[in-house]
Amino acid sequence: MSDRMTLPVLPLRDAVLFPGVATPIGAGRPATLRAIEAALKNPDRKVFAVAQKENIDQVTPGVLYTTGTIARISQVQRNLGGVQLVVHGDTRGTAVHYTETNGYLEATVRETPDLAPLNEKDAAFVALHREVRERAAELGQKSGLPTEVVQQVLQGVSDPGALSDLVAGHLDIQSLERQQLLETFAVEDRLRRVLVHVQRQIAVLDAQEDIKSQVQEELGERQREMLLREQMKAIRKELGEEGEAAEADDLKKRLDALDLPEAARKEVDRELARLERAGRESMEAQVIRTYLETVAELPWSNRAEESLDLKRAAHILEEDHYGLQDVKDQVLEFLAVRQLRQRQPKEEAPGNEDDRAARAPTLLFVGPPGVGKTSIAKSIARAMGRPYVRISLGGARDEADIRGHRRTYVGAMPGRIIQGMKQAGAKNPIFLLDEVDKLGISFQGDPAAALLEVLDPAQNDTFTDHYLGVPFDLSEVLFIATANFIQNIPAPLLDRLETVNFAGYTEREKLEIAKRYLVPRQLRENGLVSDQFTLTDAALSEIIASYTREAGVRQLEREIGKLGRKVARKIADGVAERVVVGPEEIPDLIGRPKVHPERMAGEDQVGVATGMYYTPVGGDIMFVEASVMRGKGDLMLTGQLGDVMKESARAALTYAKSHADLLGIPASAVADTDIHVHVPAGAIPKDGPSAGVTMATALVSALSRRPARHDIAMTGEITLRGRVLPIGGVKEKVLGAVRAGITSVILPKENERDLDDLPDEVRKTLVVHLVEELGQVLSLALRGARFESGHLIFETEAPVGTGFLAHH
């Protein structure tokens, strides 16, 4: 072989071929393919395999190293777009110069022999040779190669230079370092450099093994589970099931789009960072994700479009409810204020509380069941165009119901206020707190106390739920609370509420409500049309008077529904096509009357006076009976009377005894007599001061043996000096008396303004006597008595006898 030869150039990208090493090479560039074809035409199939300095497609002599490997092509496999070669390196070569011929590069190459050491038997060189061989065997074993294969390959090479090239060809090092080894012609130097790389790779493998062992020791059951879940996640990713990652990204986008206050934004960013650090399937990640989803669903800045059209609002309120004028007026007044405020420019003065001043009052609807407290709240929301949210607080006895649970607890969740805001989807809904008087107290806290912050306009703009942990603005919410008994609401909570009283409906109002709302609704619910079922006004009045006893209309609707079902059955059976129900048909369809209200007494009686009382289901009359008998001067009180009512009876008796001469009471009637006062019905508990004048009238009537008028009812508290003090529930009491047939009532003078609450049709048919002293009451209630110049005067002597029948 001559010193120089011309060979086709096989440029290598990111690869270096060493002598004595065979390696597969893929070729696809046109110039390279032409060079391979030229080499294959020669019998020896030799090429000059040289590495490129830069990884580029267009090869020029400037991008090729001068030192390469003279190699021969041992195998060729052609495929679409290129060829696969197996090239075996023979010896080092140095390119004297490169030339381009027929579209490929040729190199004039000179073989470059190894520079052997001066003394190959030198102990240091022999030790170096042996160390490289042993370390190469160790590296092969640590890399996972079978020991027999490694030993067989190493034993097949005895020359130190060939050994260094063989080991260098299998080292996992950079192309530049491989080229440097190729360009190291001195065998001893090459062995030293190869040994350094081998030792370095052995150290890396040892470190990896140590880390793996340490991690395996530290991995407990939970870490093992996380590792398996990560592997499952990788498998899901390969399968295209990357929903969880997409959900997390979607949650982050939703949170970033929120207009959050600074404190809330800081907390959300902190929790997002924790979520990214935590394993997606860990318990902590589930808790954080639930919290962030709750934050994302809250209406931090969303407001519902508010309707401020007063005429439309008034029409909706009138359409949905009959009566309740006071409530409707308050709602329309609030809308009017909102409308005027929107027309005014917002002030920019320092410290201006413009937004806070525009907040709505918190309304408290108080009244008996069934009068429309809850339903009118829904109508208010419809009239104002706001979302409507209702939560029932009846029986709630845990502070966490209002404020939520802290996130440290398992299963923690926000309070019902925040849940209601999430349900509303806007920060200005109508929020109904139903049955606020039925909140309970337990060792878990007082929910009524937690409501103080919610309902206080000066505080609720920074309401902090325990679960959220950041302030949430409730200042634009219109809160409406409902209650049946105002006395059950704690005073601090009541102080934050603007009370609106719902009185019971009159019989005429119930009749109108039934005609407008209840009957049409029951027709729809029972599958009837107006042509099939007609309920006369007289029949409705009979149901109202004899089958219901309530301030509202719930029981009335149930009775109408029962009647509708009876009629529906008749029509479905083909018994009738159209049914008209009058008062005489009512008992046959829904049974005998269920209510037997008190009726006005038929005649005047001695010792019997008619009083008026108030209950949550409306007012009614009651009879106070007093009887005098021989005895020791004791006073007996029966009829389940409360302490206040018993005190009223004692005060009335004291007044009668101390004014016996003026009241026409014989001395014998006071001295050795027992007095028994009874208030039917005996099974019903009774209490309150308003029966004072009634008890006094019954006692004076019994002691003076003068009959009391049966057509007059009375109410009022008395003192020992005979003053008549004001009482409550005037409207309900008077309406109950009118239902019982009473035509005249006696009321305290100070309750005169309460008469404005009475319907006009009642005022026109009722005689009202306003009194200040008990003498005025007795002059009106007892037969044969009159009141002149501050004194009670009897026109006739008391009738002889102890009977209860009146004497005219």
# chains A, B, ... in the order shown; residues from 1 in each chain; ligands from 1
$ select_by_dssp --residues "stretch 20-252 of chain A" --states "strand (DSSP E)" --output "count of residues only"
53
$ residues_around --residues "A:Asp57" --least-positions-apart "3" --cutoff "12 Å" --atoms "only C-alpha atoms" --output "short mmCIF file (atom, residue, chain, number, x, y, z; two decimals) with C-alpha atoms, in the first residue's frame"
data_model
loop_
_atom_site.label_atom_id
_atom_site.label_comp_id
_atom_site.auth_asym_id
_atom_site.auth_seq_id
_atom_site.Cartn_x
_atom_site.Cartn_y
_atom_site.Cartn_z
CA PRO A 11 -18.85 12.64 6.78
CA LEU A 12 -20.10 11.74 10.27
CA ARG A 13 -22.46 13.93 12.31
CA ALA A 27 -26.80 7.91 5.27
CA GLY A 28 -29.29 9.99 3.35
CA ARG A 29 -27.60 13.17 2.07
CA PRO A 30 -27.13 13.12 -1.73
CA ALA A 31 -23.39 13.83 -1.60
CA THR A 32 -22.87 11.10 0.99
CA GLN A 52 -17.88 17.11 11.08
CA LYS A 53 -17.01 20.10 13.22
CA GLU A 54 -20.58 21.40 12.86
CA THR A 60 -17.54 21.44 2.74
CA VAL A 63 -16.31 21.68 8.34
#
$ atom_distance --atom1 "atom CA of A:Leu145" --atom2 "atom CA of A:Gln208"
16.9 Å
$ residues_around --residues "A:Asp672" --least-positions-apart "3" --cutoff "7 Å" --atoms "only C-alpha atoms" --output "PyMOL selection string"
chain A and resi 630-633+668
$ write_last_selection --atoms "N, CA and C atoms" --output "mmCIF file, in the first residue's frame"
data_model
loop_
_atom_site.group_PDB
_atom_site.id
_atom_site.type_symbol
_atom_site.label_atom_id
_atom_site.label_comp_id
_atom_site.auth_asym_id
_atom_site.auth_seq_id
_atom_site.Cartn_x
_atom_site.Cartn_y
_atom_site.Cartn_z
ATOM 1 N N ARG A 630 -119.984 31.745 99.318
ATOM 2 C CA ARG A 630 -119.573 31.928 100.701
ATOM 3 C C ARG A 630 -118.231 31.237 100.945
ATOM 4 N N GLY A 631 -117.424 31.871 101.750
ATOM 5 C CA GLY A 631 -116.115 31.307 102.019
ATOM 6 C C GLY A 631 -115.300 32.191 102.923
ATOM 7 N N LYS A 632 -113.986 32.131 102.751
ATOM 8 C CA LYS A 632 -113.055 32.847 103.633
ATOM 9 C C LYS A 632 -112.365 34.019 102.941
ATOM 10 N N GLY A 633 -112.819 34.379 101.756
ATOM 11 C CA GLY A 633 -112.189 35.495 101.035
ATOM 12 C C GLY A 633 -111.081 35.075 100.097
ATOM 13 N N SER A 668 -121.365 42.753 102.271
ATOM 14 C CA SER A 668 -121.458 41.308 102.509
ATOM 15 C C SER A 668 -120.860 40.504 101.357
#
$ closest_residue --among "A:Thr506, A:Thr499, A:Gln231, A:Gln216" --to "A:Asp326" --atoms "only C-alpha atoms"
A:Thr499
$ select_by_dssp --residues "stretch 164-402 of chain A" --states "alpha helix (DSSP H)" --output "ChimeraX atom specification"
/A:164-169,175-182,187-218,221-239,243-257,262-277,283-297,310-320,325-343,354-357,373-384,400-402
$ decode --residues "stretch 9-84 of chain A" --atoms "C-alpha atoms" --output "JSON list (two decimals), in the first residue's frame"
[["chain", "number", "residue", "atom", "x", "y", "z"],
["A", 9, "VAL", "CA", -15.30, 10.92, 2.20],
["A", 10, "LEU", "CA", -17.99, 9.60, 4.59],
["A", 11, "PRO", "CA", -18.85, 12.64, 6.78],
["A", 12, "LEU", "CA", -20.10, 11.74, 10.27],
["A", 13, "ARG", "CA", -22.46, 13.93, 12.31],
["A", 14, "ASP", "CA", -22.07, 13.73, 16.12],
["A", 15, "ALA", "CA", -20.11, 10.51, 15.78],
["A", 16, "VAL", "CA", -16.45, 9.38, 15.64],
["A", 17, "LEU", "CA", -15.30, 6.00, 14.25],
["A", 18, "PHE", "CA", -12.28, 4.35, 15.93],
["A", 19, "PRO", "CA", -9.97, 1.76, 14.37],
["A", 20, "GLY", "CA", -10.94, -1.79, 15.21],
["A", 21, "VAL", "CA", -14.58, -0.81, 15.91],
["A", 22, "ALA", "CA", -17.56, -1.63, 13.70],
["A", 23, "THR", "CA", -20.59, 0.68, 13.88],
["A", 24, "PRO", "CA", -23.87, 1.07, 11.96],
["A", 25, "ILE", "CA", -24.32, 4.35, 10.10],
["A", 26, "GLY", "CA", -27.39, 5.76, 8.35],
["A", 27, "ALA", "CA", -26.80, 7.91, 5.27],
["A", 28, "GLY", "CA", -29.29, 9.99, 3.35],
["A", 29, "ARG", "CA", -27.60, 13.17, 2.07],
["A", 30, "PRO", "CA", -27.13, 13.12, -1.73],
["A", 31, "ALA", "CA", -23.39, 13.83, -1.60],
["A", 32, "THR", "CA", -22.87, 11.10, 0.99],
["A", 33, "LEU", "CA", -24.89, 8.61, -1.05],
["A", 34, "ARG", "CA", -22.75, 9.37, -4.14],
["A", 35, "ALA", "CA", -19.58, 8.88, -2.09],
["A", 36, "ILE", "CA", -20.86, 5.49, -0.85],
["A", 37, "GLU", "CA", -21.71, 4.42, -4.40],
["A", 38, "ALA", "CA", -18.19, 5.38, -5.51],
["A", 39, "ALA", "CA", -16.68, 3.34, -2.67],
["A", 40, "LEU", "CA", -18.79, 0.30, -3.44],
["A", 41, "LYS", "CA", -17.41, 0.27, -7.00],
["A", 42, "ASN", "CA", -13.93, -0.37, -5.62],
["A", 43, "PRO", "CA", -13.09, -3.94, -4.59],
["A", 44, "ASP", "CA", -11.82, -2.90, -1.14],
["A", 45, "ARG", "CA", -14.90, -0.67, -0.46],
["A", 46, "LYS", "CA", -12.78, 1.76, 1.52],
["A", 47, "VAL", "CA", -13.91, 5.21, 2.65],
["A", 48, "PHE", "CA", -12.44, 7.94, 4.81],
["A", 49, "ALA", "CA", -14.84, 8.29, 7.80],
["A", 50, "VAL", "CA", -14.27, 11.69, 9.34],
["A", 51, "ALA", "CA", -16.34, 13.71, 11.84],
["A", 52, "GLN", "CA", -17.88, 17.11, 11.08],
["A", 53, "LYS", "CA", -17.01, 20.10, 13.22],
["A", 54, "GLU", "CA", -20.58, 21.40, 12.86],
["A", 55, "ASN", "CA", -23.85, 19.55, 12.46],
["A", 56, "ILE", "CA", -24.89, 20.90, 9.05],
["A", 57, "ASP", "CA", -26.31, 19.28, 5.93],
["A", 58, "GLN", "CA", -24.09, 20.97, 3.34],
["A", 59, "VAL", "CA", -20.61, 19.50, 3.85],
["A", 60, "THR", "CA", -17.54, 21.44, 2.74],
["A", 61, "PRO", "CA", -13.88, 20.74, 3.43],
["A", 62, "GLY", "CA", -13.88, 23.50, 6.04],
["A", 63, "VAL", "CA", -16.31, 21.68, 8.34],
["A", 64, "LEU", "CA", -14.38, 18.41, 8.37],
["A", 65, "TYR", "CA", -11.59, 17.43, 10.74],
["A", 66, "THR", "CA", -8.33, 16.33, 9.13],
["A", 67, "THR", "CA", -7.91, 13.24, 11.31],
["A", 68, "GLY", "CA", -10.32, 10.41, 10.66],
["A", 69, "THR", "CA", -10.45, 6.66, 10.18],
["A", 70, "ILE", "CA", -9.77, 4.67, 7.07],
["A", 71, "ALA", "CA", -12.67, 2.23, 7.05],
["A", 72, "ARG", "CA", -14.30, -0.33, 4.84],
["A", 73, "ILE", "CA", -18.01, -0.88, 4.22],
["A", 74, "SER", "CA", -18.85, -4.41, 5.34],
["A", 75, "GLN", "CA", -22.65, -4.36, 4.87],
["A", 76, "VAL", "CA", -25.11, -2.27, 2.87],
["A", 77, "GLN", "CA", -28.92, -2.17, 3.18],
["A", 78, "ARG", "CA", -30.83, 0.18, 0.95],
["A", 79, "ASN", "CA", -34.16, 1.68, 2.02],
["A", 80, "LEU", "CA", -36.48, 4.46, 1.00],
["A", 81, "GLY", "CA", -34.59, 7.74, 1.14],
["A", 82, "GLY", "CA", -31.15, 6.38, 2.08],
["A", 83, "VAL", "CA", -28.95, 3.43, 3.03],
["A", 84, "GLN", "CA", -27.89, 1.68, 6.23]]
